[in-house]
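Undergrad: Structure in structure tokens, see below.
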Amino acid sequence: MDRLAPGVVAGTALGVSDVLAKVVLADGVDVVSMLSFRSLVGLAFVATWFRFGGRPSVSPGVRIVSMIVGIIFAGLIFFLFKAIETIDVPTAILSYFTYPLLTGLAAAFVGLEPLRWKGILCAAVAFCGLALLIDAHPAGLALAGVAYAIGAACCRTAVLLVTRAYLVGADARLTTWYSMLSSTAIFIAAAFAEHAWNMPQSALSWTCLVALSLATTAAILFVFLSTVRIGAFRTAVIMHLEPLTATILSAVVLAEVITPVQAIGVIIMLAALIAFQIWR
């Protein structure tokens with residue numbers, strides 16, 4: 001159980017941060033301002049991590065690829081939080097969690113890895129579960145929000161494929177550092193370009209913003225520790241705690257209660273996603 005703890009903490013922390021982000025966005029903070037603050041906290045966190053843990057060397061190629069990954073990652077988190085801003089948290093996060101399916105299908109298409117019939121079947125079942133969740137949405141189909149979430153999933157797929165192709169064996173701390181540098185630069189530039197720095201107007205929102213910034217940056221550390229302890233595959237499976245945690249907390253904190261039909265869709269989708277990663 002101790003070996004699984006870092007992954008459990010990471011998945012739970014990300015689910016908590018998704019719900020906290022909804023609270024912050026509802027207070028009038030725009031996505032770019034929120035992500036700029038979050039990114040600066042993340043940079044400070046990783047810099048401190050290096051200070052106490054030592055900073056290893058990196059090749060110029062790894063540095064460049066990591067910064068490219070950071071640019072894609074900026075699109076990922078922008079689309080993800082726009083989805084959270086637009087629609088309810090469970091639908092946004094579960095739509096985003098189509099990325100394992102998209103990654104597996106894309107990897108098979110470009111020849112990085114094979115895809116067996118079991119994987120194709122699991123992918124079809126997972127998309128049926130997502131369709132059930134969306135069709136039963138009590139507020140109707142929010143196309144824009146789902147589109148943002150799918151856009152985030154596509155960016156996550158690109159990040160995973162680039163990492164798999166060019167960053168295998170690279171120190172995860174360094175790739176995280178350089179990717180965060182480029183993504184933070186993008187958000188800061190966007191904030192200046194928009195001439196807007198909309199910060200929370202209440203103590204509650206400030207608390208949520210600081211908490212989600214710390215939660216997401218801590219999750220980076222725990223994902224790294226989990227990958228070292230149990231490997232990338234098992235870590236990826238455990239990360240399905242994020243949508244589960246977000247769904248439960250959104251009901252408690254945001255009163256975004258899902259219907260019984262939606263709950264069936266959630267169960268089908270999560271089960272199919274986990275099976276896809278095991279059997280593909």
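All residue names refer to the structure tokens as shown: chains lettered A, B, ... in order, residues numbered from 1 in each chain, ligands numbered from 1 in order.
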Excluding same-chain residues fewer than 5 positions from Val125 of chain A, what lies within 9 Å of it counting only C-alpha atoms, as a PDB file with C-alpha atoms, in the first residue's frame?
TA:
ATOM      1  CA  ILE A 120     -10.622  -1.342 -29.553  1.00  0.00           C
ATOM      2  CA  LEU A 130     -19.144   9.230 -22.155  1.00  0.00           C
ATOM      3  CA  ILE A 268     -18.935   2.372 -17.539  1.00  0.00           C
ATOM      4  CA  MET A 269     -16.399   4.909 -18.745  1.00  0.00           C
ATOM      5  CA  ALA A 272     -13.525   0.772 -19.742  1.00  0.00           C
ATOM      6  CA  LEU A 273     -10.642   3.258 -19.448  1.00  0.00           C
TER       7      LEU A 273
END
Undergrad: Fewer than 2 positions away in the same chain doesn't count, so skip those; otherwise give me all residues within 6 Å of Gly265 of chain A, counting only C-alpha atoms, as a CSV table (one decimal) with N, CA and C atoms, in the first residue's frame.
TA:
chain,number,residue,atom,x,y,z
A,129,GLY,N,-19.9,5.1,-22.7
A,129,GLY,CA,-20.2,5.7,-21.4
A,129,GLY,C,-20.1,7.2,-21.3
A,132,LEU,N,-23.3,8.5,-22.8
A,132,LEU,CA,-24.4,8.4,-21.9
A,132,LEU,C,-24.4,9.5,-20.8
A,133,LEU,N,-23.2,9.8,-20.4
A,133,LEU,CA,-23.0,10.9,-19.4
A,133,LEU,C,-23.4,12.2,-20.0
A,262,GLN,N,-26.4,9.3,-15.5
A,262,GLN,CA,-25.0,9.8,-15.6
A,262,GLN,C,-24.0,9.0,-14.8
A,263,ALA,N,-24.5,8.6,-13.6
A,263,ALA,CA,-23.6,7.7,-12.7
A,263,ALA,C,-23.3,6.4,-13.4
A,267,ILE,N,-19.5,5.1,-14.4
A,267,ILE,CA,-19.0,3.8,-14.0
A,267,ILE,C,-18.5,3.0,-15.2
A,268,ILE,N,-19.3,3.1,-16.3
A,268,ILE,CA,-18.9,2.4,-17.5
A,268,ILE,C,-17.7,3.0,-18.1
Undergrad: Counting only C-alpha atoms, give me one row per residue of segment 82-162 of chain A with an atom at most 12 Å from an atom of segment 239-246 of chain A, showing the shortest contact pair and its distance in Å to one decimal, sorted by chain then residue number, as a Markdown table.
TA:
| residue | atom | partner | partner_atom | distance |
| --- | --- | --- | --- | --- |
| A:Ile84 | CA | A:Ala246 | CA | 10.8 |
| A:Asp88 | CA | A:Ala246 | CA | 10.2 |
| A:Val89 | CA | A:Ala246 | CA | 6.8 |
| A:Pro90 | CA | A:Ala246 | CA | 6.3 |
| A:Thr91 | CA | A:Pro243 | CA | 9.1 |
| A:Ala92 | CA | A:Pro243 | CA | 9.1 |
| A:Ile93 | CA | A:Pro243 | CA | 5.7 |
| A:Leu94 | CA | A:Pro243 | CA | 6.0 |
| A:Ser95 | CA | A:Pro243 | CA | 9.6 |
| A:Tyr96 | CA | A:Pro243 | CA | 9.2 |
| A:Phe97 | CA | A:Pro243 | CA | 7.8 |
| A:Thr98 | CA | A:His240 | CA | 11.1 |
| A:Tyr99 | CA | A:His240 | CA | 11.5 |
| A:Pro100 | CA | A:His240 | CA | 10.5 |
Undergrad: Write the residues you've just listed into a file as a PDB file, in the first residue's frame, and include C-alpha atoms for each of them.
TA:
ATOM      1  CA  ILE A  84     -14.366  23.447 -16.171  1.00  0.00           C
ATOM      2  CA  ASP A  88     -19.964  21.032 -14.728  1.00  0.00           C
ATOM      3  CA  VAL A  89     -16.760  19.517 -13.364  1.00  0.00           C
ATOM      4  CA  PRO A  90     -17.621  15.795 -13.764  1.00  0.00           C
ATOM      5  CA  THR A  91     -18.521  16.134 -17.463  1.00  0.00           C
ATOM      6  CA  ALA A  92     -15.438  18.276 -18.139  1.00  0.00           C
ATOM      7  CA  ILE A  93     -12.963  15.948 -16.428  1.00  0.00           C
ATOM      8  CA  LEU A  94     -14.458  12.739 -17.801  1.00  0.00           C
ATOM      9  CA  SER A  95     -14.496  14.192 -21.328  1.00  0.00           C
ATOM     10  CA  TYR A  96     -10.842  15.099 -20.841  1.00  0.00           C
ATOM     11  CA  PHE A  97     -10.068  11.564 -19.671  1.00  0.00           C
ATOM     12  CA  THR A  98     -10.614  10.292 -23.190  1.00  0.00           C
ATOM     13  CA  TYR A  99      -6.888  10.971 -23.623  1.00  0.00           C
ATOM     14  CA  PRO A 100      -5.786   7.381 -22.824  1.00  0.00           C
TER      15      PRO A 100
END
Undergrad: DSSP on the backbone, then: every residue of segment 42-189 of chain A marked helix (DSSP H, G or I), written as a short mmCIF file (atom, residue, chain, number, x, y, z; two decimals) with N, CA and C atoms, in the first residue's frame.
TA:
data_model
loop_
_atom_site.label_atom_id
_atom_site.label_comp_id
_atom_site.auth_asym_id
_atom_site.auth_seq_id
_atom_site.Cartn_x
_atom_site.Cartn_y
_atom_site.Cartn_z
N GLY A 42 4.10 26.91 -9.31
CA GLY A 42 4.73 25.68 -9.74
C GLY A 42 6.21 25.83 -9.99
N LEU A 43 6.61 26.93 -10.61
CA LEU A 43 8.03 27.19 -10.85
C LEU A 43 8.79 27.31 -9.54
N ALA A 44 8.21 28.04 -8.59
CA ALA A 44 8.86 28.19 -7.29
C ALA A 44 9.00 26.84 -6.60
N PHE A 45 7.99 26.01 -6.74
CA PHE A 45 8.00 24.68 -6.13
C PHE A 45 9.13 23.83 -6.71
N VAL A 46 9.22 23.77 -8.05
CA VAL A 46 10.24 22.94 -8.69
C VAL A 46 11.64 23.49 -8.42
N ALA A 47 11.78 24.83 -8.40
CA ALA A 47 13.07 25.44 -8.09
C ALA A 47 13.53 25.04 -6.69
N THR A 48 12.59 25.02 -5.74
CA THR A 48 12.92 24.59 -4.38
C THR A 48 13.29 23.11 -4.35
N TRP A 49 12.58 22.34 -5.14
CA TRP A 49 12.86 20.91 -5.27
C TRP A 49 14.30 20.67 -5.73
N PHE A 50 14.72 21.45 -6.72
CA PHE A 50 16.09 21.34 -7.20
C PHE A 50 17.10 21.75 -6.13
N ARG A 51 16.76 22.79 -5.38
CA ARG A 51 17.68 23.33 -4.38
C ARG A 51 18.03 22.29 -3.33
N PHE A 52 17.03 21.51 -2.92
CA PHE A 52 17.26 20.52 -1.88
C PHE A 52 17.68 19.16 -2.44
N GLY A 53 17.31 18.90 -3.71
CA GLY A 53 17.59 17.60 -4.27
C GLY A 53 18.74 17.58 -5.26
N PRO A 60 21.07 19.60 -24.68
CA PRO A 60 20.29 20.64 -25.38
C PRO A 60 19.04 20.09 -26.06
N GLY A 61 19.13 18.87 -26.59
CA GLY A 61 17.97 18.28 -27.26
C GLY A 61 16.82 18.05 -26.31
N VAL A 62 17.11 17.52 -25.13
CA VAL A 62 16.07 17.29 -24.13
C VAL A 62 15.46 18.62 -23.68
N ARG A 63 16.31 19.64 -23.54
CA ARG A 63 15.81 20.95 -23.12
C ARG A 63 14.82 21.51 -24.15
N ILE A 64 15.18 21.42 -25.42
CA ILE A 64 14.32 21.97 -26.47
C ILE A 64 13.00 21.21 -26.56
N VAL A 65 13.09 19.87 -26.54
CA VAL A 65 11.86 19.07 -26.62
C VAL A 65 10.97 19.33 -25.41
N SER A 66 11.58 19.46 -24.23
CA SER A 66 10.80 19.72 -23.02
C SER A 66 10.07 21.05 -23.11
N MET A 67 10.69 22.05 -23.69
CA MET A 67 10.05 23.35 -23.83
C MET A 67 8.92 23.30 -24.86
N ILE A 68 9.10 22.48 -25.89
CA ILE A 68 8.01 22.27 -26.85
C ILE A 68 6.84 21.59 -26.16
N VAL A 69 7.15 20.60 -25.34
CA VAL A 69 6.10 19.93 -24.56
C VAL A 69 5.38 20.94 -23.68
N GLY A 70 6.13 21.88 -23.11
CA GLY A 70 5.51 22.91 -22.28
C GLY A 70 4.53 23.78 -23.04
N ILE A 71 4.84 24.06 -24.29
CA ILE A 71 3.93 24.84 -25.13
C ILE A 71 2.62 24.09 -25.35
N ILE A 72 2.75 22.79 -25.65
CA ILE A 72 1.56 21.97 -25.82
C ILE A 72 0.79 21.87 -24.50
N PHE A 73 1.55 21.73 -23.40
CA PHE A 73 0.93 21.62 -22.08
C PHE A 73 0.14 22.89 -21.73
N ALA A 74 0.63 24.04 -22.19
CA ALA A 74 -0.10 25.29 -21.95
C ALA A 74 -1.48 25.22 -22.60
N GLY A 75 -1.53 24.68 -23.81
CA GLY A 75 -2.82 24.49 -24.46
C GLY A 75 -3.69 23.51 -23.71
N LEU A 76 -3.07 22.47 -23.19
CA LEU A 76 -3.80 21.44 -22.44
C LEU A 76 -4.53 22.03 -21.24
N ILE A 77 -3.79 22.71 -20.37
CA ILE A 77 -4.43 23.20 -19.14
C ILE A 77 -5.36 24.37 -19.42
N PHE A 78 -5.09 25.15 -20.48
CA PHE A 78 -6.02 26.22 -20.84
C PHE A 78 -7.36 25.63 -21.26
N PHE A 79 -7.32 24.66 -22.17
CA PHE A 79 -8.56 24.04 -22.63
C PHE A 79 -9.28 23.33 -21.49
N LEU A 80 -8.51 22.67 -20.62
CA LEU A 80 -9.13 21.93 -19.52
C LEU A 80 -9.88 22.86 -18.58
N PHE A 81 -9.24 23.96 -18.19
CA PHE A 81 -9.91 24.87 -17.26
C PHE A 81 -10.99 25.71 -17.92
N LYS A 82 -10.90 25.91 -19.24
CA LYS A 82 -12.02 26.53 -19.94
C LYS A 82 -13.22 25.59 -19.93
N ALA A 83 -12.95 24.28 -20.05
CA ALA A 83 -14.04 23.31 -19.96
C ALA A 83 -14.68 23.34 -18.58
N ILE A 84 -13.84 23.39 -17.54
CA ILE A 84 -14.37 23.45 -16.17
C ILE A 84 -15.17 24.72 -15.96
N GLU A 85 -14.71 25.82 -16.56
CA GLU A 85 -15.43 27.08 -16.45
C GLU A 85 -16.78 27.02 -17.17
N THR A 86 -16.84 26.29 -18.27
CA THR A 86 -18.03 26.30 -19.13
C THR A 86 -19.11 25.32 -18.69
N VAL A 89 -18.07 20.14 -13.52
CA VAL A 89 -16.76 19.52 -13.36
C VAL A 89 -16.74 18.04 -13.79
N PRO A 90 -17.70 17.20 -13.37
CA PRO A 90 -17.62 15.79 -13.76
C PRO A 90 -17.60 15.59 -15.28
N THR A 91 -18.48 16.29 -16.01
CA THR A 91 -18.52 16.13 -17.46
C THR A 91 -17.23 16.62 -18.09
N ALA A 92 -16.69 17.73 -17.59
CA ALA A 92 -15.44 18.28 -18.14
C ALA A 92 -14.28 17.31 -17.95
N ILE A 93 -14.11 16.81 -16.73
CA ILE A 93 -12.96 15.95 -16.43
C ILE A 93 -13.09 14.60 -17.12
N LEU A 94 -14.29 14.03 -17.14
CA LEU A 94 -14.46 12.74 -17.80
C LEU A 94 -14.31 12.86 -19.31
N SER A 95 -14.73 13.97 -19.89
CA SER A 95 -14.50 14.19 -21.33
C SER A 95 -12.99 14.30 -21.60
N TYR A 96 -12.30 14.97 -20.71
CA TYR A 96 -10.84 15.10 -20.84
C TYR A 96 -10.16 13.75 -20.72
N TYR A 99 -8.25 10.94 -23.08
CA TYR A 99 -6.89 10.97 -23.62
C TYR A 99 -6.19 9.61 -23.64
N PRO A 100 -6.43 8.69 -22.67
CA PRO A 100 -5.79 7.38 -22.82
C PRO A 100 -6.22 6.66 -24.09
N LEU A 101 -7.51 6.81 -24.43
CA LEU A 101 -8.01 6.19 -25.65
C LEU A 101 -7.37 6.84 -26.88
N LEU A 102 -7.36 8.16 -26.89
CA LEU A 102 -6.79 8.88 -28.03
C LEU A 102 -5.30 8.57 -28.17
N THR A 103 -4.61 8.45 -27.04
CA THR A 103 -3.17 8.15 -27.08
C THR A 103 -2.93 6.75 -27.65
N GLY A 104 -3.71 5.78 -27.17
CA GLY A 104 -3.54 4.42 -27.66
C GLY A 104 -3.85 4.30 -29.14
N LEU A 105 -4.92 4.96 -29.58
CA LEU A 105 -5.29 4.92 -30.99
C LEU A 105 -4.26 5.63 -31.85
N ALA A 106 -3.77 6.78 -31.39
CA ALA A 106 -2.77 7.52 -32.15
C ALA A 106 -1.44 6.78 -32.20
N ALA A 107 -1.04 6.16 -31.08
CA ALA A 107 0.20 5.40 -31.05
C ALA A 107 0.15 4.22 -32.01
N ALA A 108 -1.02 3.58 -32.08
CA ALA A 108 -1.18 2.47 -33.02
C ALA A 108 -1.14 2.97 -34.46
N PHE A 109 -1.73 4.14 -34.70
CA PHE A 109 -1.79 4.69 -36.05
C PHE A 109 -0.39 5.03 -36.59
N VAL A 110 0.46 5.61 -35.72
CA VAL A 110 1.81 6.00 -36.16
C VAL A 110 2.82 4.88 -36.00
N TRP A 117 -7.64 -6.20 -30.41
CA TRP A 117 -9.09 -6.05 -30.50
C TRP A 117 -9.71 -5.73 -29.14
N LYS A 118 -9.09 -6.21 -28.05
CA LYS A 118 -9.61 -5.89 -26.72
C LYS A 118 -9.54 -4.39 -26.45
N GLY A 119 -8.44 -3.77 -26.89
CA GLY A 119 -8.30 -2.33 -26.71
C GLY A 119 -9.34 -1.56 -27.50
N ILE A 120 -9.61 -2.00 -28.73
CA ILE A 120 -10.62 -1.34 -29.55
C ILE A 120 -12.00 -1.47 -28.91
N LEU A 121 -12.30 -2.65 -28.37
CA LEU A 121 -13.58 -2.86 -27.70
C LEU A 121 -13.73 -1.97 -26.47
N CYS A 122 -12.66 -1.88 -25.67
CA CYS A 122 -12.70 -1.02 -24.48
C CYS A 122 -12.88 0.45 -24.85
N ALA A 123 -12.23 0.86 -25.93
CA ALA A 123 -12.37 2.24 -26.39
C ALA A 123 -13.82 2.53 -26.79
N ALA A 124 -14.44 1.60 -27.50
CA ALA A 124 -15.82 1.79 -27.93
C ALA A 124 -16.75 1.88 -26.72
N VAL A 125 -16.54 1.00 -25.73
CA VAL A 125 -17.38 1.00 -24.52
C VAL A 125 -17.19 2.31 -23.75
N ALA A 126 -15.94 2.78 -23.64
CA ALA A 126 -15.67 4.02 -22.91
C ALA A 126 -16.37 5.21 -23.56
N PHE A 127 -16.33 5.28 -24.88
CA PHE A 127 -17.00 6.38 -25.57
C PHE A 127 -18.52 6.27 -25.42
N CYS A 128 -19.05 5.05 -25.33
CA CYS A 128 -20.48 4.88 -25.06
C CYS A 128 -20.83 5.41 -23.67
N GLY A 129 -19.95 5.13 -22.70
CA GLY A 129 -20.17 5.65 -21.35
C GLY A 129 -20.15 7.17 -21.33
N LEU A 130 -19.21 7.77 -22.07
CA LEU A 130 -19.14 9.23 -22.16
C LEU A 130 -20.40 9.79 -22.83
N ALA A 131 -20.85 9.13 -23.89
CA ALA A 131 -22.06 9.59 -24.57
C ALA A 131 -23.26 9.54 -23.65
N LEU A 132 -23.33 8.49 -22.82
CA LEU A 132 -24.42 8.36 -21.86
C LEU A 132 -24.36 9.49 -20.84
N LEU A 133 -23.16 9.82 -20.38
CA LEU A 133 -22.99 10.91 -19.42
C LEU A 133 -23.44 12.24 -20.02
N ILE A 134 -23.04 12.50 -21.26
CA ILE A 134 -23.35 13.78 -21.89
C ILE A 134 -24.83 13.88 -22.25
N ASP A 135 -25.39 12.81 -22.84
CA ASP A 135 -26.79 12.84 -23.26
C ASP A 135 -27.74 13.00 -22.09
N LEU A 143 -21.96 21.95 -25.87
CA LEU A 143 -20.98 21.58 -26.90
C LEU A 143 -19.64 22.27 -26.68
N ALA A 144 -19.67 23.55 -26.32
CA ALA A 144 -18.42 24.29 -26.16
C ALA A 144 -17.56 23.69 -25.06
N GLY A 145 -18.17 23.36 -23.93
CA GLY A 145 -17.41 22.79 -22.81
C GLY A 145 -16.81 21.45 -23.15
N VAL A 146 -17.59 20.58 -23.79
CA VAL A 146 -17.08 19.28 -24.19
C VAL A 146 -15.97 19.43 -25.22
N ALA A 147 -16.14 20.39 -26.14
CA ALA A 147 -15.11 20.63 -27.16
C ALA A 147 -13.80 21.08 -26.51
N TYR A 148 -13.88 21.95 -25.50
CA TYR A 148 -12.67 22.35 -24.77
C TYR A 148 -12.00 21.14 -24.13
N ALA A 149 -12.81 20.27 -23.49
CA ALA A 149 -12.26 19.10 -22.81
C ALA A 149 -11.60 18.14 -23.80
N ILE A 150 -12.22 17.92 -24.95
CA ILE A 150 -11.63 17.05 -25.98
C ILE A 150 -10.35 17.68 -26.52
N GLY A 151 -10.35 19.03 -26.65
CA GLY A 151 -9.13 19.72 -27.07
C GLY A 151 -8.00 19.48 -26.08
N ALA A 152 -8.33 19.51 -24.77
CA ALA A 152 -7.33 19.23 -23.74
C ALA A 152 -6.84 17.80 -23.86
N ALA A 153 -7.75 16.87 -24.15
CA ALA A 153 -7.37 15.47 -24.31
C ALA A 153 -6.44 15.29 -25.50
N CYS A 154 -6.70 16.00 -26.58
CA CYS A 154 -5.82 15.93 -27.76
C CYS A 154 -4.42 16.46 -27.44
N CYS A 155 -4.37 17.55 -26.67
CA CYS A 155 -3.07 18.10 -26.26
C CYS A 155 -2.34 17.11 -25.35
N ARG A 156 -3.07 16.46 -24.46
CA ARG A 156 -2.45 15.47 -23.57
C ARG A 156 -1.91 14.30 -24.38
N THR A 157 -2.64 13.91 -25.40
CA THR A 157 -2.18 12.84 -26.29
C THR A 157 -0.86 13.24 -26.95
N ALA A 158 -0.80 14.48 -27.44
CA ALA A 158 0.43 14.96 -28.09
C ALA A 158 1.59 14.98 -27.11
N VAL A 159 1.34 15.42 -25.88
CA VAL A 159 2.39 15.44 -24.85
C VAL A 159 2.91 14.03 -24.58
N LEU A 160 2.00 13.08 -24.44
CA LEU A 160 2.41 11.71 -24.14
C LEU A 160 3.19 11.08 -25.30
N LEU A 161 2.75 11.34 -26.52
CA LEU A 161 3.44 10.75 -27.67
C LEU A 161 4.83 11.36 -27.86
N VAL A 162 4.94 12.68 -27.70
CA VAL A 162 6.25 13.32 -27.82
C VAL A 162 7.19 12.84 -26.71
N THR A 163 6.64 12.75 -25.49
CA THR A 163 7.45 12.27 -24.38
C THR A 163 7.93 10.84 -24.62
N ARG A 164 7.03 10.01 -25.10
CA ARG A 164 7.37 8.61 -25.35
C ARG A 164 8.41 8.49 -26.46
N ALA A 165 8.33 9.36 -27.46
CA ALA A 165 9.23 9.26 -28.61
C ALA A 165 10.60 9.88 -28.35
N TYR A 166 10.66 10.97 -27.55
CA TYR A 166 11.90 11.72 -27.45
C TYR A 166 12.46 11.90 -26.04
N ALA A 172 12.83 13.24 -15.11
CA ALA A 172 11.49 13.83 -15.09
C ALA A 172 11.48 15.21 -14.44
N ARG A 173 12.40 15.43 -13.49
CA ARG A 173 12.44 16.75 -12.84
C ARG A 173 12.85 17.83 -13.82
N LEU A 174 13.82 17.51 -14.68
CA LEU A 174 14.28 18.50 -15.65
C LEU A 174 13.26 18.73 -16.74
N THR A 175 12.64 17.67 -17.23
CA THR A 175 11.62 17.86 -18.26
C THR A 175 10.46 18.68 -17.71
N THR A 176 10.12 18.44 -16.44
CA THR A 176 9.06 19.23 -15.80
C THR A 176 9.47 20.70 -15.70
N TRP A 177 10.69 20.95 -15.30
CA TRP A 177 11.18 22.32 -15.14
C TRP A 177 11.14 23.10 -16.45
N TYR A 178 11.69 22.53 -17.51
CA TYR A 178 11.75 23.26 -18.78
C TYR A 178 10.38 23.39 -19.43
N SER A 179 9.53 22.39 -19.26
CA SER A 179 8.18 22.51 -19.81
C SER A 179 7.39 23.57 -19.06
N MET A 180 7.60 23.67 -17.74
CA MET A 180 6.92 24.70 -16.96
C MET A 180 7.43 26.09 -17.29
N LEU A 181 8.72 26.20 -17.63
CA LEU A 181 9.25 27.50 -18.03
C LEU A 181 8.53 28.05 -19.26
N SER A 182 8.40 27.21 -20.27
CA SER A 182 7.77 27.68 -21.51
C SER A 182 6.27 27.92 -21.33
N SER A 183 5.59 27.04 -20.59
CA SER A 183 4.15 27.24 -20.40
C SER A 183 3.87 28.47 -19.55
N THR A 184 4.69 28.71 -18.52
CA THR A 184 4.51 29.90 -17.70
C THR A 184 4.74 31.17 -18.50
N ALA A 185 5.75 31.17 -19.35
CA ALA A 185 6.04 32.33 -20.19
C ALA A 185 4.85 32.65 -21.09
N ILE A 186 4.19 31.62 -21.61
CA ILE A 186 3.03 31.82 -22.47
C ILE A 186 1.89 32.48 -21.71
N PHE A 187 1.61 32.00 -20.51
CA PHE A 187 0.50 32.55 -19.74
C PHE A 187 0.78 33.98 -19.27
N ILE A 188 2.01 34.24 -18.86
CA ILE A 188 2.35 35.61 -18.45
C ILE A 188 2.24 36.57 -19.63
N ALA A 189 2.73 36.14 -20.81
CA ALA A 189 2.63 36.98 -22.01
C ALA A 189 1.17 37.22 -22.38
#
Undergrad: Can you measure atom CA of Phe224 of chain A to atom CA of Ala10 of chain A for me? One decimal in Å is fine.
TA: 9.4 Å
Undergrad: Could you give me, as a VMD selection string, the residues within 7 Å of Leu209 of chain A, counting only C-alpha atoms and dropping anything in the same chain fewer than 4 positions from it?
TA: chain A and resid 24 205 213
Undergrad: Mind writing the picked residues with C-alpha atoms as an mmCIF file, in the first residue's frame?
TA:
data_model
loop_
_atom_site.group_PDB
_atom_site.id
_atom_site.type_symbol
_atom_site.label_atom_id
_atom_site.label_comp_id
_atom_site.auth_asym_id
_atom_site.auth_seq_id
_atom_site.Cartn_x
_atom_site.Cartn_y
_atom_site.Cartn_z
ATOM 1 C CA VAL A 24 -12.130 30.444 -8.283
ATOM 2 C CA SER A 205 -11.424 32.401 -3.581
ATOM 3 C CA SER A 213 -1.797 25.895 -6.988
#
Undergrad: Using only C-alpha atoms, determine which residues lie at most 10 Å from Leu225 of chain A, disregarding the query and same-chain residues fewer than 2 positions distant; provide the list as a PyMOL selection string.
TA: chain A and resi 3-7+10+172+219-223+227-231+235
Undergrad: Can you pull out every residue within 10 Å of Val257 of chain A, counting only C-alpha atoms, but drop anything in the same chain fewer than 3 positions away, and send it as a JSON list (two decimals) with N, CA and C atoms, in the first residue's frame?
TA:
[["chain", "number", "residue", "atom", "x", "y", "z"],
["A", 88, "ASP", "N", -20.19, 21.60, -16.05],
["A", 88, "ASP", "CA", -19.96, 21.03, -14.73],
["A", 88, "ASP", "C", -18.66, 20.23, -14.70],
["A", 90, "PRO", "N", -17.70, 17.20, -13.37],
["A", 90, "PRO", "CA", -17.62, 15.79, -13.76],
["A", 90, "PRO", "C", -17.60, 15.59, -15.28],
["A", 138, "PRO", "N", -28.35, 17.17, -17.28],
["A", 138, "PRO", "CA", -29.62, 17.85, -16.95],
["A", 138, "PRO", "C", -29.74, 19.23, -17.56],
["A", 247, "THR", "N", -15.70, 14.11, -9.30],
["A", 247, "THR", "CA", -17.15, 13.86, -9.36],
["A", 247, "THR", "C", -17.77, 13.89, -7.97],
["A", 248, "ILE", "N", -17.12, 13.24, -7.02],
["A", 248, "ILE", "CA", -17.66, 13.19, -5.65],
["A", 248, "ILE", "C", -17.62, 14.57, -4.99],
["A", 249, "LEU", "N", -16.47, 15.26, -5.11],
["A", 249, "LEU", "CA", -16.34, 16.57, -4.47],
["A", 249, "LEU", "C", -17.23, 17.63, -5.10],
["A", 250, "SER", "N", -17.43, 17.55, -6.41],
["A", 250, "SER", "CA", -18.28, 18.55, -7.07],
["A", 250, "SER", "C", -19.72, 18.44, -6.57],
["A", 251, "ALA", "N", -20.13, 17.23, -6.20],
["A", 251, "ALA", "CA", -21.47, 17.06, -5.63],
["A", 251, "ALA", "C", -21.55, 17.67, -4.24],
["A", 252, "VAL", "N", -20.48, 17.51, -3.45],
["A", 252, "VAL", "CA", -20.47, 18.00, -2.07],
["A", 252, "VAL", "C", -20.26, 19.51, -2.01],
["A", 253, "VAL", "N", -19.29, 20.00, -2.79],
["A", 253, "VAL", "CA", -18.88, 21.41, -2.69],
["A", 253, "VAL", "C", -19.68, 22.31, -3.62],
["A", 254, "LEU", "N", -19.95, 21.84, -4.83],
["A", 254, "LEU", "CA", -20.58, 22.68, -5.85],
["A", 254, "LEU", "C", -22.05, 22.35, -6.09],
["A", 260, "PRO", "N", -28.80, 9.43, -11.85],
["A", 260, "PRO", "CA", -28.47, 7.99, -11.87],
["A", 260, "PRO", "C", -27.97, 7.51, -13.23],
["A", 262, "GLN", "N", -26.38, 9.32, -15.46],
["A", 262, "GLN", "CA", -25.01, 9.82, -15.59],
["A", 262, "GLN", "C", -24.04, 8.97, -14.77],
["A", 263, "ALA", "N", -24.47, 8.55, -13.57],
["A", 263, "ALA", "CA", -23.61, 7.73, -12.72],
["A", 263, "ALA", "C", -23.27, 6.42, -13.42]]
Undergrad: What's the separation between atom CA of Val29 of chain A and atom CA of Val41 of chain A, in Å to one decimal place?
TA: 16.7 Å
Undergrad: Have a look at A:Ser39, A:Ser57, A:Thr12, A:Ser202 and name the one nearest to Leu25 of chain A; count only C-alpha atoms.
TA: A:Ser202
Undergrad: Give me, as a PyMOL selection string, all polymer residues having an atom no more than 10 Å from Asn198 of chain A, counting only C-alpha atoms and skipping those fewer than 2 positions away in the same chain.
TA: chain A and resi 27-34+191+195-196+200-201
